[in-house]
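Just entry.txt here, compact mmCIF, C-alpha atoms:
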# COMPACT_ATOMS: atom_id res chain seq x y z
CA MET A 1 -17.19 -119.65 38.04
CA THR A 2 -14.23 -117.31 38.33
CA ASP A 3 -14.01 -114.73 41.06
CA ILE A 4 -15.13 -111.12 40.97
CA GLN A 5 -12.29 -109.08 39.48
CA ILE A 6 -11.21 -105.72 40.94
CA LYS A 7 -8.81 -103.58 38.96
CA ALA A 8 -7.53 -100.19 40.14
CA ARG A 9 -5.83 -97.68 37.82
CA TRP A 10 -4.54 -94.16 38.48
CA ASP A 11 -4.82 -91.37 35.94
CA HIS A 12 -1.18 -90.78 36.89
CA ALA A 13 0.66 -93.35 39.00
CA GLN A 14 3.32 -90.82 40.09
CA ALA A 15 3.38 -87.57 42.07
CA PRO A 16 6.36 -85.28 42.79
CA THR A 17 7.64 -84.70 46.32
CA GLY A 18 6.96 -81.41 48.05
CA LYS A 19 4.00 -80.44 45.85
CA ALA A 20 0.26 -80.76 46.30
CA ALA A 21 -1.16 -83.43 44.04
CA THR A 22 -4.62 -84.52 42.93
CA ARG A 23 -4.91 -88.02 41.50
CA GLY A 24 -7.86 -89.84 40.02
CA LEU A 25 -8.36 -93.52 40.82
CA LEU A 26 -10.59 -95.64 38.58
CA ILE A 27 -11.76 -98.93 40.06
CA ASP A 28 -13.29 -101.53 37.72
CA ILE A 29 -15.41 -104.25 39.34
CA THR A 30 -16.20 -107.06 36.92
CA ALA A 31 -18.61 -109.83 37.79
CA PRO A 32 -17.99 -113.26 36.24
CA GLU A 33 -20.36 -114.91 33.82
CA LEU A 34 -22.65 -117.46 35.41
CA PRO A 35 -21.84 -121.06 34.49
CA LYS A 36 -24.32 -122.81 32.26
CA ALA A 37 -24.62 -126.55 31.94
CA GLU A 38 -24.56 -127.99 28.43
CA GLY A 39 -28.03 -127.86 26.93
CA GLU A 40 -29.40 -125.81 29.80
CA THR A 41 -32.20 -123.44 28.75
CA GLU A 42 -33.92 -122.71 32.05
CA ARG A 43 -32.92 -119.57 33.93
CA PRO A 44 -33.25 -119.23 37.71
CA PRO A 45 -36.78 -118.35 38.86
CA VAL A 46 -37.53 -114.75 39.77
CA ASN A 47 -39.62 -113.25 42.55
CA LEU A 48 -41.18 -109.99 41.36
CA ALA A 49 -43.66 -107.54 42.80
CA LEU A 50 -45.06 -105.04 40.32
CA VAL A 51 -46.54 -101.92 41.95
CA ILE A 52 -48.73 -99.74 39.71
CA ASP A 53 -49.89 -96.18 40.39
CA ARG A 54 -53.61 -95.92 39.60
CA SER A 55 -54.18 -92.42 41.01
CA GLY A 56 -56.32 -89.97 39.06
CA SER A 57 -53.39 -88.50 37.16
CA MET A 58 -52.77 -91.90 35.54
CA HIS A 59 -56.15 -91.77 33.76
CA GLY A 60 -56.00 -92.56 30.07
CA GLY A 61 -52.68 -93.09 28.33
CA PRO A 62 -50.38 -93.49 31.37
CA LEU A 63 -52.46 -96.22 33.01
CA GLU A 64 -53.08 -98.01 29.72
CA ALA A 65 -49.31 -97.99 29.05
CA ALA A 66 -48.61 -99.40 32.51
CA LYS A 67 -51.28 -102.08 32.14
CA GLU A 68 -50.06 -103.13 28.70
CA ALA A 69 -46.51 -103.38 30.04
CA ALA A 70 -47.65 -105.34 33.11
CA MET A 71 -49.55 -107.84 30.97
CA GLY A 72 -46.53 -108.16 28.70
CA LEU A 73 -44.39 -108.84 31.76
CA ALA A 74 -46.75 -111.54 33.06
CA ASN A 75 -46.74 -113.30 29.69
CA ARG A 76 -42.93 -113.31 29.58
CA LEU A 77 -42.55 -115.05 32.94
CA ARG A 78 -42.00 -118.78 33.33
CA ASP A 79 -43.82 -121.41 35.32
CA SER A 80 -41.38 -121.29 38.22
CA ASP A 81 -41.54 -117.49 38.57
CA ARG A 82 -43.68 -115.74 41.17
CA LEU A 83 -45.47 -112.46 40.50
CA SER A 84 -47.36 -110.11 42.77
CA VAL A 85 -49.21 -107.06 41.46
CA VAL A 86 -50.19 -104.23 43.79
CA VAL A 87 -52.14 -101.12 42.77
CA TYR A 88 -52.46 -97.92 44.72
CA GLY A 89 -54.30 -94.62 44.67
CA SER A 90 -55.51 -93.52 48.07
CA ASP A 91 -56.13 -97.18 48.86
CA VAL A 92 -53.74 -100.07 48.33
CA THR A 93 -54.94 -103.35 46.79
CA VAL A 94 -53.12 -106.59 46.05
CA VAL A 95 -54.64 -107.82 42.79
CA VAL A 96 -52.16 -110.70 42.26
CA ASP A 97 -50.65 -112.27 45.38
CA CYS A 98 -47.45 -114.24 44.84
CA ALA A 99 -48.94 -116.22 41.96
CA ARG A 100 -47.05 -118.97 40.19
CA MET A 101 -46.74 -117.95 36.53
CA ASP A 102 -47.94 -121.16 34.94
CA THR A 103 -50.70 -120.97 32.33
CA ALA A 104 -53.47 -120.52 34.87
CA GLY A 105 -51.46 -117.99 36.85
CA LYS A 106 -50.75 -115.90 33.77
CA GLN A 107 -54.39 -115.90 32.72
CA SER A 108 -55.49 -114.84 36.19
CA ALA A 109 -52.82 -112.11 36.39
CA VAL A 110 -53.66 -110.69 32.95
CA SER A 111 -57.37 -110.61 33.81
CA ALA A 112 -56.69 -108.81 37.09
CA ILE A 113 -54.45 -106.26 35.40
CA GLN A 114 -57.02 -105.60 32.66
CA HIS A 115 -59.57 -104.53 35.28
CA ILE A 116 -57.38 -101.90 36.98
CA GLU A 117 -59.00 -98.46 36.94
CA THR A 118 -57.88 -95.05 38.20
CA SER A 119 -58.94 -93.95 41.67
CA GLY A 120 -57.89 -91.53 44.39
CA MET A 121 -54.72 -89.70 45.33
CA THR A 122 -51.11 -91.01 45.35
CA ASN A 123 -50.22 -93.18 48.35
CA LEU A 124 -46.93 -94.24 46.79
CA SER A 125 -45.28 -95.45 49.97
CA GLY A 126 -48.28 -97.57 50.90
CA GLY A 127 -48.33 -99.33 47.53
CA TRP A 128 -44.58 -99.78 47.36
CA LEU A 129 -44.29 -101.20 50.90
CA ARG A 130 -47.16 -103.59 50.27
CA GLY A 131 -45.35 -104.82 47.16
CA ALA A 132 -42.18 -105.26 49.20
CA ARG A 133 -44.15 -107.30 51.73
CA CYS A 134 -45.42 -109.56 48.95
CA ALA A 135 -41.86 -110.12 47.73
CA ALA A 136 -40.68 -110.82 51.28
CA ASN A 137 -43.52 -113.30 51.83
CA ALA A 138 -42.46 -115.18 48.70
CA MET A 139 -38.96 -115.41 50.13
CA ASP A 140 -40.32 -116.90 53.34
CA GLU A 141 -42.85 -119.25 51.78
CA HIS A 142 -41.22 -120.35 48.50
CA ASP A 143 -37.51 -120.41 49.29
CA PHE A 144 -36.45 -117.41 47.21
CA LYS A 145 -33.25 -115.77 48.39
CA SER A 146 -34.28 -112.33 47.14
CA GLY A 147 -37.16 -110.28 45.84
CA HIS A 148 -37.39 -107.35 43.45
CA VAL A 149 -40.04 -104.63 43.44
CA ILE A 150 -40.73 -102.59 40.29
CA LEU A 151 -42.65 -99.41 41.04
CA LEU A 152 -44.43 -97.55 38.23
CA SER A 153 -45.67 -94.01 38.85
CA ASP A 154 -46.44 -90.82 36.95
CA GLY A 155 -46.87 -88.51 39.93
CA ARG A 156 -45.77 -87.23 43.29
CA ALA A 157 -46.68 -88.94 46.54
CA ASN A 158 -49.25 -86.85 48.40
CA GLU A 159 -50.49 -89.42 50.90
CA GLY A 160 -48.55 -91.71 53.21
CA GLU A 161 -44.80 -91.14 53.58
CA CYS A 162 -43.69 -88.40 51.16
CA ASN A 163 -40.29 -87.35 52.54
CA PRO A 164 -37.50 -88.54 50.21
CA GLU A 165 -35.05 -89.03 53.09
CA ARG A 166 -37.47 -91.28 54.95
CA LEU A 167 -38.31 -93.18 51.74
CA ALA A 168 -34.58 -93.76 51.27
CA GLU A 169 -34.26 -95.13 54.81
CA LEU A 170 -37.09 -97.59 54.19
CA ALA A 171 -35.63 -98.64 50.83
CA GLY A 172 -32.20 -99.17 52.38
CA ASP A 173 -33.67 -101.35 55.13
CA LEU A 174 -35.44 -103.49 52.53
CA ALA A 175 -32.30 -103.79 50.37
CA ASP A 176 -30.36 -104.97 53.41
CA ARG A 177 -32.88 -107.82 53.57
CA ASN A 178 -32.41 -108.57 49.83
CA VAL A 179 -35.62 -106.89 48.69
CA THR A 180 -34.49 -104.38 46.07
CA THR A 181 -36.52 -101.72 44.26
CA THR A 182 -36.46 -100.27 40.76
CA CYS A 183 -38.62 -97.29 39.80
CA VAL A 184 -40.12 -96.43 36.42
CA GLY A 185 -41.16 -92.81 36.08
CA ILE A 186 -43.93 -92.45 33.50
CA GLY A 187 -44.33 -89.20 31.60
CA ALA A 188 -43.09 -85.76 32.61
CA ASN A 189 -44.68 -85.08 36.00
CA TYR A 190 -43.41 -87.68 38.45
CA SER A 191 -41.19 -86.65 41.36
CA PRO A 192 -37.53 -87.48 40.63
CA LEU A 193 -36.70 -86.74 44.27
CA GLN A 194 -39.04 -89.39 45.63
CA LEU A 195 -38.37 -92.08 43.00
CA THR A 196 -34.62 -91.45 42.99
CA ALA A 197 -34.48 -91.79 46.79
CA ILE A 198 -36.18 -95.19 46.60
CA ALA A 199 -34.15 -96.46 43.64
CA GLU A 200 -30.78 -95.33 45.00
CA ALA A 201 -31.20 -96.72 48.51
CA GLY A 202 -33.09 -99.73 47.16
CA GLN A 203 -30.09 -100.83 45.04
CA GLY A 204 -32.22 -100.58 41.91
CA GLU A 205 -32.54 -98.25 38.94
CA LEU A 206 -34.56 -95.22 37.93
CA HIS A 207 -36.00 -95.57 34.43
CA GLN A 208 -37.79 -92.86 32.47
CA SER A 209 -40.47 -93.86 30.00
CA SER A 210 -43.95 -93.15 28.69
CA GLU A 211 -44.55 -95.50 25.76
CA PRO A 212 -45.87 -99.04 26.36
CA ASN A 213 -43.15 -100.64 24.24
CA GLU A 214 -40.44 -98.81 26.21
CA ILE A 215 -41.92 -99.83 29.55
CA ILE A 216 -42.08 -103.44 28.35
CA GLU A 217 -38.40 -103.25 27.36
CA VAL A 218 -37.53 -101.86 30.79
CA LEU A 219 -39.45 -104.61 32.58
CA ALA A 220 -37.94 -107.31 30.37
CA GLY A 221 -34.47 -105.92 31.06
CA GLU A 222 -35.14 -105.98 34.77
CA ILE A 223 -36.24 -109.63 34.60
CA GLY A 224 -33.08 -110.49 32.70
CA GLU A 225 -30.84 -108.86 35.27
CA GLN A 226 -32.64 -110.48 38.20
CA THR A 227 -31.76 -113.88 36.73
CA GLN A 228 -28.08 -112.91 36.40
CA VAL A 229 -27.31 -111.59 39.88
CA VAL A 230 -23.86 -112.67 41.07
CA ALA A 231 -23.54 -110.65 44.28
CA ARG A 232 -25.63 -108.43 46.53
CA ASN A 233 -24.66 -105.72 49.00
CA PHE A 234 -21.23 -105.37 47.41
CA THR A 235 -19.18 -102.83 49.36
CA LEU A 236 -15.75 -101.39 48.63
CA HIS A 237 -13.34 -99.75 51.05
CA LEU A 238 -10.07 -97.97 50.15
CA GLN A 239 -7.40 -98.20 52.85
CA GLY A 240 -3.98 -96.56 52.85
CA PRO A 241 -2.05 -93.33 53.46
CA HIS A 242 -4.35 -90.29 53.44
CA ALA A 243 -7.20 -92.38 51.99
CA GLU A 244 -9.56 -90.34 54.13
CA ASN A 245 -8.85 -87.49 51.66
CA ALA A 246 -10.36 -89.46 48.78
CA ARG A 247 -13.80 -88.36 47.64
CA GLN A 248 -16.12 -90.37 45.46
CA LEU A 249 -16.87 -88.89 42.02
CA THR A 250 -19.46 -91.53 41.20
CA HIS A 251 -22.73 -91.79 43.12
CA TYR A 252 -22.83 -94.99 45.14
CA ARG A 253 -24.14 -94.95 48.70
CA GLN A 254 -21.80 -94.00 51.52
CA PRO A 255 -22.51 -93.10 55.16
CA GLY A 256 -23.26 -89.40 55.41
CA ASN A 257 -23.96 -89.22 51.64
CA GLY A 258 -20.27 -89.71 50.98
CA THR A 259 -19.23 -86.68 52.99
CA GLY A 260 -18.16 -88.30 56.23
CA ALA A 261 -18.10 -91.43 58.36
CA HIS A 262 -14.59 -92.32 57.23
CA THR A 263 -12.85 -95.09 59.10
CA ALA A 264 -9.57 -94.42 60.85
CA ASP A 265 -7.58 -95.95 57.99
CA GLY A 266 -9.49 -95.03 54.87
CA THR A 267 -12.66 -93.99 53.06
CA ALA A 268 -16.19 -94.62 54.11
CA PRO A 269 -17.41 -97.95 52.69
CA ILE A 270 -18.89 -97.53 49.22
CA ASN A 271 -22.02 -99.61 48.67
CA ILE A 272 -22.06 -100.72 45.02
CA GLY A 273 -25.17 -102.85 45.58
CA THR A 274 -25.97 -105.63 43.12
CA LEU A 275 -23.49 -107.06 40.61
CA ILE A 276 -24.81 -108.61 37.38
CA ALA A 277 -22.96 -111.41 35.59
CA GLY A 278 -20.59 -110.16 32.91
CA GLN A 279 -21.06 -106.48 33.75
CA THR A 280 -18.36 -104.07 34.88
CA ARG A 281 -19.12 -101.30 37.36
CA HIS A 282 -16.83 -98.26 37.61
CA VAL A 283 -16.01 -96.38 40.80
CA ALA A 284 -14.10 -93.10 40.46
CA LEU A 285 -12.26 -91.49 43.38
CA LEU A 286 -10.28 -88.26 43.59
CA LEU A 287 -7.37 -88.36 46.07
CA GLU A 288 -6.16 -84.91 47.16
CA LEU A 289 -2.71 -84.82 48.78
CA GLU A 290 -1.16 -81.75 50.43
CA ALA A 291 2.48 -80.82 49.78
CA GLU A 292 3.47 -81.54 53.38
CA GLN A 293 2.07 -85.07 53.03
CA LEU A 294 4.67 -85.82 50.31
CA PRO A 295 7.98 -84.76 51.90
CA GLU A 296 10.25 -87.42 50.42
CA PRO A 297 10.35 -90.18 47.78
CA THR A 298 8.32 -93.23 48.76
CA THR A 299 5.62 -95.57 47.52
CA LEU A 300 2.12 -95.19 48.92
CA HIS A 301 0.47 -98.59 49.19
CA TYR A 302 -3.33 -98.87 49.03
CA THR A 303 -5.63 -101.80 49.67
CA LEU A 304 -9.09 -102.18 48.18
CA LYS A 305 -11.16 -104.37 50.45
CA ALA A 306 -14.41 -105.75 49.03
CA GLN A 307 -17.19 -107.62 50.79
CA TRP A 308 -20.43 -109.06 49.42
CA GLN A 309 -23.12 -111.69 49.70
CA HIS A 310 -22.99 -114.28 46.95
CA GLN A 311 -26.39 -114.87 45.39
CA ALA A 312 -26.14 -118.63 45.93
CA ASP A 313 -25.38 -118.36 49.65
CA ALA A 314 -27.07 -115.11 50.67
CA ASP A 315 -27.88 -116.46 54.12
CA THR A 316 -24.27 -117.25 55.07
CA GLN A 317 -21.30 -115.10 56.04
CA PRO A 318 -20.28 -112.47 53.47
CA ARG A 319 -17.42 -113.21 51.10
CA SER A 320 -14.47 -110.87 50.78
CA THR A 321 -11.37 -110.17 48.73
CA THR A 322 -8.62 -107.56 48.53
CA SER A 323 -6.70 -105.88 45.75
CA GLN A 324 -3.59 -103.69 45.85
CA THR A 325 -2.60 -100.50 44.07
CA HIS A 326 0.35 -98.13 44.51
CA LEU A 327 1.21 -94.47 43.99
CA ALA A 328 4.90 -93.58 43.52
CA ILE A 329 6.14 -90.36 45.11
CA VAL A 330 9.29 -89.36 43.21
CA PRO A 331 11.77 -86.44 43.17
CA PRO A 332 10.55 -83.57 40.96
CA GLY A 333 13.34 -84.25 38.48
CA ASP A 334 12.16 -87.83 38.01
CA PHE A 335 8.51 -86.96 37.61
CA ASP A 336 7.24 -87.64 34.09
CA GLU A 337 3.96 -85.91 33.22
CA GLU A 338 3.80 -87.81 29.94
CA THR A 339 3.15 -91.11 31.72
CA ARG A 340 -0.38 -89.94 32.50
CA ASP A 341 -2.97 -92.52 31.46
CA LYS A 342 -5.33 -90.45 29.32
CA ALA A 343 -7.82 -93.27 28.82
CA VAL A 344 -8.27 -93.57 32.58
CA ALA A 345 -8.48 -89.79 32.93
CA GLU A 346 -11.18 -89.62 30.26
CA THR A 347 -13.31 -92.31 31.91
CA ILE A 348 -12.98 -90.59 35.29
CA ALA A 349 -13.87 -87.23 33.73
CA GLU A 350 -16.99 -88.65 32.06
CA LEU A 351 -18.15 -90.14 35.37
CA TRP A 352 -17.36 -86.92 37.21
CA LEU A 353 -19.28 -84.83 34.70
CA ALA A 354 -22.29 -87.11 35.07
CA ARG A 355 -22.04 -86.75 38.86
CA GLN A 356 -21.93 -82.96 38.68
CA GLY A 357 -24.89 -82.90 36.33
CA TYR A 358 -26.89 -85.33 38.44
CA ASP A 359 -26.28 -83.37 41.64
CA ALA A 360 -27.12 -80.11 39.85
CA MET A 361 -30.41 -81.51 38.57
CA LEU A 362 -31.37 -82.71 42.07
CA HIS A 363 -30.74 -79.20 43.43
CA ASN A 364 -32.70 -77.74 40.53
CA GLU A 365 -35.61 -80.05 41.29
CA ARG A 366 -35.63 -78.70 44.86
CA GLY A 367 -35.66 -75.14 43.51
CA ASP A 368 -32.18 -74.38 44.85
CA TYR A 369 -30.67 -72.84 41.73
CA ALA A 370 -27.62 -71.43 43.52
CA MET A 371 -26.61 -74.90 44.71
CA ALA A 372 -27.33 -76.28 41.25
CA SER A 373 -24.78 -73.86 39.80
CA GLU A 374 -22.27 -74.64 42.55
CA ALA A 375 -22.27 -78.31 41.55
CA PHE A 376 -20.20 -77.15 38.57
CA SER A 377 -18.45 -74.01 39.83
CA LEU A 378 -16.98 -75.64 42.96
CA ASN A 379 -15.35 -78.31 40.79
CA GLU A 380 -14.40 -76.13 37.82
CA LYS A 381 -10.63 -75.83 38.35
CA ALA A 382 -10.12 -79.46 39.34
CA PHE A 383 -12.28 -80.71 36.47
CA ASP A 384 -10.47 -78.48 33.96
CA ALA A 385 -7.16 -79.90 35.21
CA MET A 386 -8.47 -83.44 34.77
CA VAL A 387 -9.44 -82.91 31.12
CA GLN A 388 -6.87 -80.32 30.02
CA ASP A 389 -4.78 -82.58 27.75
CA LEU A 390 -7.56 -84.87 26.55
CA ASP A 391 -8.72 -84.86 22.93
CA SER A 392 -12.30 -85.01 24.20
CA ALA A 393 -11.87 -81.95 26.47
CA PRO A 394 -13.60 -79.39 24.20
CA ALA A 395 -16.67 -81.60 23.79
CA MET A 396 -16.87 -82.34 27.52
CA LEU A 397 -16.52 -78.69 28.48
CA THR A 398 -19.23 -77.74 25.98
CA ARG A 399 -21.55 -80.35 27.48
CA ARG A 400 -20.76 -79.12 30.98
CA ASP A 401 -21.52 -75.52 30.05
CA ARG A 402 -24.78 -76.51 28.35
CA ILE A 403 -26.17 -78.37 31.35
CA ALA A 404 -24.78 -75.78 33.80
CA SER A 405 -26.69 -73.07 31.98
CA ARG A 406 -29.87 -75.16 32.03
CA VAL A 407 -29.96 -75.77 35.80
CA ARG A 408 -29.54 -72.10 36.81
CA SER A 409 -33.27 -71.49 36.47
CA SER A 410 -36.55 -73.37 36.65
CA TRP A 411 -36.51 -76.52 34.55
CA ASP A 412 -39.27 -79.06 34.38
CA GLY A 413 -40.74 -81.59 32.03
CA MET A 414 -39.61 -84.64 30.12
CA SER A 415 -36.14 -83.41 29.16
CA LYS A 416 -34.98 -83.08 32.76
CA ARG A 417 -36.40 -86.40 33.83
CA GLU A 418 -34.75 -88.07 30.85
CA ALA A 419 -31.43 -86.40 31.67
CA MET A 420 -31.62 -87.43 35.35
CA ALA A 421 -32.36 -91.06 34.56
CA LEU A 422 -29.60 -91.31 31.95
CA SER A 423 -26.98 -89.54 34.07
CA ARG A 424 -27.69 -91.91 36.95
CA LYS A 425 -27.26 -94.92 34.65
CA ALA A 426 -23.97 -93.46 33.44
CA LEU A 427 -22.79 -93.10 37.04
CA ARG A 428 -23.64 -96.72 37.80
CA SER A 429 -22.30 -98.13 34.49
CA LYS A 430 -25.76 -99.51 33.75
CA PRO A 431 -27.44 -100.10 30.38
CA ASP A 432 -30.55 -98.33 29.16
CA PHE A 433 -32.93 -101.15 28.25
CA ARG A 434 -34.88 -99.03 25.78
CA SER A 435 -33.72 -99.99 22.28
CA SER A 436 -34.52 -96.54 20.83
CA ARG A 437 -32.57 -94.63 23.51
CA SER A 438 -29.53 -96.80 24.26
CA ASP A 439 -27.04 -94.31 22.83
CA ALA A 440 -28.69 -91.19 24.25
CA ASP A 441 -26.51 -88.42 25.66
CA TRP A 442 -27.86 -87.33 29.03
CA THR A 443 -26.72 -83.74 28.44
CA ASP A 444 -28.74 -83.51 25.21
CA THR A 445 -31.68 -82.04 27.06
CA GLU A 446 -33.68 -80.42 24.30
Please rewrite the model in this file as structure tokens.
Amino acid sequence: MTDIQIKARWDHAQAPTGKAATRGLLIDITAPELPKAEGETERPPVNLALVIDRSGSMHGGPLEAAKEAAMGLANRLRDSDRLSVVVYGSDVTVVVDCARMDTAGKQSAVSAIQHIETSGMTNLSGGWLRGARCAANAMDEHDFKSGHVILLSDGRANEGECNPERLAELAGDLADRNVTTTCVGIGANYSPLQLTAIAEAGQGELHQSSEPNEIIEVLAGEIGEQTQVVARNFTLHLQGPHAENARQLTHYRQPGNGTGAHTADGTAPINIGTLIAGQTRHVALLLELEAEQLPEPTTLHYTLKAQWQHQADADTQPRSTTSQTHLAIVPPGDFDEETRDKAVAETIAELWLARQGYDAMLHNERGDYAMASEAFSLNEKAFDAMVQDLDSAPAMLTRRDRIASRVRSSWDGMSKREAMALSRKALRSKPDFRSSRSDADWTDTE
């Protein structure tokens, strides 16, 4: 298996002396394909905990969709896989406890899932943490190196821990122990703030769905990715002159939400999370340099330092690698604006637009419409400069204006939840497993 590849590209690899400069840096992180022996058909076993909301609001269609998807998931698993199923309303119940998914295990799991009925309020944290405990127990008892929790909910937690910040802390602690969490929001009434907090810190995804076939596709996609994990807890750190001035345009975890905790020689570590074989993740940074920081011609040398746990040796010391990139500071007369890499600029702009939209929708969900508008207005001049000479600029600016207009007032329902889930996938360079929505535009909110 070849190594993880890290490639850094500037939207413009030059800057003139004596002038303030803003440069975009696109970092591509590509995980290698997993080797496969000739004739090999078996994939690695997976350790899953499925957590299903059975509160009163799930009565009828939502619960039936979740149950149908859960039974479909159980039937897709292999003999060596382990599955736990936890249900929660006000009470939390383990209906399948780390069962081996052989024929008897599948039959038992399907029967248990069929008998789930709605009851009580929404103790989301209780159900989710019990599922995480099941996954952790499987790691201890059956030699799994990781566990993955998939949480399905249509509502807002109103019992147990409800604070998104605290939920994020708990999810981050679990992810650090290789128990990750993905959330599936069902319908139009779940809390994006609570589920997003868990998915982000839990190094998982937030999926939006309501139809049984879509939920099955999501769960099948999650199984597929869990069998293709190359690295966990992948972190990236930019070091070099004035690197502390670089801000992340994507939305990976950083200390202080990406606003602080810089080291003395660079950015705060960016936690990419899990890398899947054959996939490329993009990280976009914006480096802002003052005129006095560029007094004379020179070359600014930057180091990208990466560290991760390899899936095959998760209990040993982390692996690491470095990559180099350079920014040339040249006399104004030698500066060539035409050498700008428009393809890189366009990719950075798309990621940045998704970040602005995602932040704006989070503020809108909190009812802070002024901050939702500021997500766009504070970045307007810099974003316009980024896209000014791109062929795609008119379309991007139209999309920006459309979503900016939408978040200035109360917005609820399916369209916003769909837009939030898709924008987050765009930020993390992740696929949408739903076959009918794979090409959806997150800004197409109506």
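For the residues A:Leu327, A:Ala277, A:Val218, A:Cys162, ranking by smallest atom-to-atom distance to A:Gly185 using only C-alpha atoms places A:Val218 first.
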Atom-to-atom span, atom CA of A:Arg166 and atom CA of A:Asp53, Å: 19.8 Å
Find the residues around stretch 87-98 of chain A up to 10 Å (only C-alpha atoms counted), leave out those fewer than 6 positions away in its own chain, and share them as a short mmCIF file (atom, residue, chain, number, x, y, z; two decimals) with C-alpha atoms, keeping the file's coordinate frame.
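Once everything was written out, this is selection-v1.cif:
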data_model
loop_
_atom_site.label_atom_id
_atom_site.label_comp_id
_atom_site.auth_asym_id
_atom_site.auth_seq_id
_atom_site.Cartn_x
_atom_site.Cartn_y
_atom_site.Cartn_z
CA ASN A 47 -39.62 -113.25 42.55
CA LEU A 48 -41.18 -109.99 41.36
CA ALA A 49 -43.66 -107.54 42.80
CA LEU A 50 -45.06 -105.04 40.32
CA VAL A 51 -46.54 -101.92 41.95
CA ILE A 52 -48.73 -99.74 39.71
CA ASP A 53 -49.89 -96.18 40.39
CA ARG A 54 -53.61 -95.92 39.60
CA SER A 55 -54.18 -92.42 41.01
CA GLY A 56 -56.32 -89.97 39.06
CA SER A 57 -53.39 -88.50 37.16
CA MET A 58 -52.77 -91.90 35.54
CA ASP A 81 -41.54 -117.49 38.57
CA GLY A 105 -51.46 -117.99 36.85
CA SER A 108 -55.49 -114.84 36.19
CA ALA A 109 -52.82 -112.11 36.39
CA VAL A 110 -53.66 -110.69 32.95
CA SER A 111 -57.37 -110.61 33.81
CA ALA A 112 -56.69 -108.81 37.09
CA ILE A 113 -54.45 -106.26 35.40
CA HIS A 115 -59.57 -104.53 35.28
CA ILE A 116 -57.38 -101.90 36.98
CA GLU A 117 -59.00 -98.46 36.94
CA THR A 118 -57.88 -95.05 38.20
CA SER A 119 -58.94 -93.95 41.67
CA GLY A 120 -57.89 -91.53 44.39
CA MET A 121 -54.72 -89.70 45.33
CA THR A 122 -51.11 -91.01 45.35
CA ASN A 123 -50.22 -93.18 48.35
CA LEU A 124 -46.93 -94.24 46.79
CA SER A 125 -45.28 -95.45 49.97
CA GLY A 126 -48.28 -97.57 50.90
CA GLY A 127 -48.33 -99.33 47.53
CA TRP A 128 -44.58 -99.78 47.36
CA LEU A 129 -44.29 -101.20 50.90
CA ARG A 130 -47.16 -103.59 50.27
CA GLY A 131 -45.35 -104.82 47.16
CA CYS A 134 -45.42 -109.56 48.95
CA ALA A 135 -41.86 -110.12 47.73
CA ALA A 136 -40.68 -110.82 51.28
CA ASN A 137 -43.52 -113.30 51.83
CA ALA A 138 -42.46 -115.18 48.70
CA GLU A 141 -42.85 -119.25 51.78
CA HIS A 142 -41.22 -120.35 48.50
CA LEU A 151 -42.65 -99.41 41.04
CA LEU A 152 -44.43 -97.55 38.23
CA SER A 153 -45.67 -94.01 38.85
CA ALA A 157 -46.68 -88.94 46.54
CA ASN A 158 -49.25 -86.85 48.40
CA GLU A 159 -50.49 -89.42 50.90
CA GLY A 160 -48.55 -91.71 53.21
#
Could I get the residues of stretch 23-70 of chain A with an atom no further than 9 Å from an atom of stretch 186-209 of chain A, each paired with its nearest atom pair and that distance in Å to one decimal, using all atoms listed in the file, sorted by chain and residue number, as a tab-separated table?
residue	atom	partner	partner_atom	distance
A:Pro62	CA	A:Ile186	CA	6.9
A:Ala65	CA	A:Ile186	CA	8.9
A:Ala66	CA	A:Ile186	CA	8.4
Pick from A:Pro45, A:Asn245, A:Gly147, A:Tyr252 nearest to A:Thr227, counting only C-alpha atoms: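 Of the candidates, the smallest distance to A:Thr227 is held by A:Pro45.
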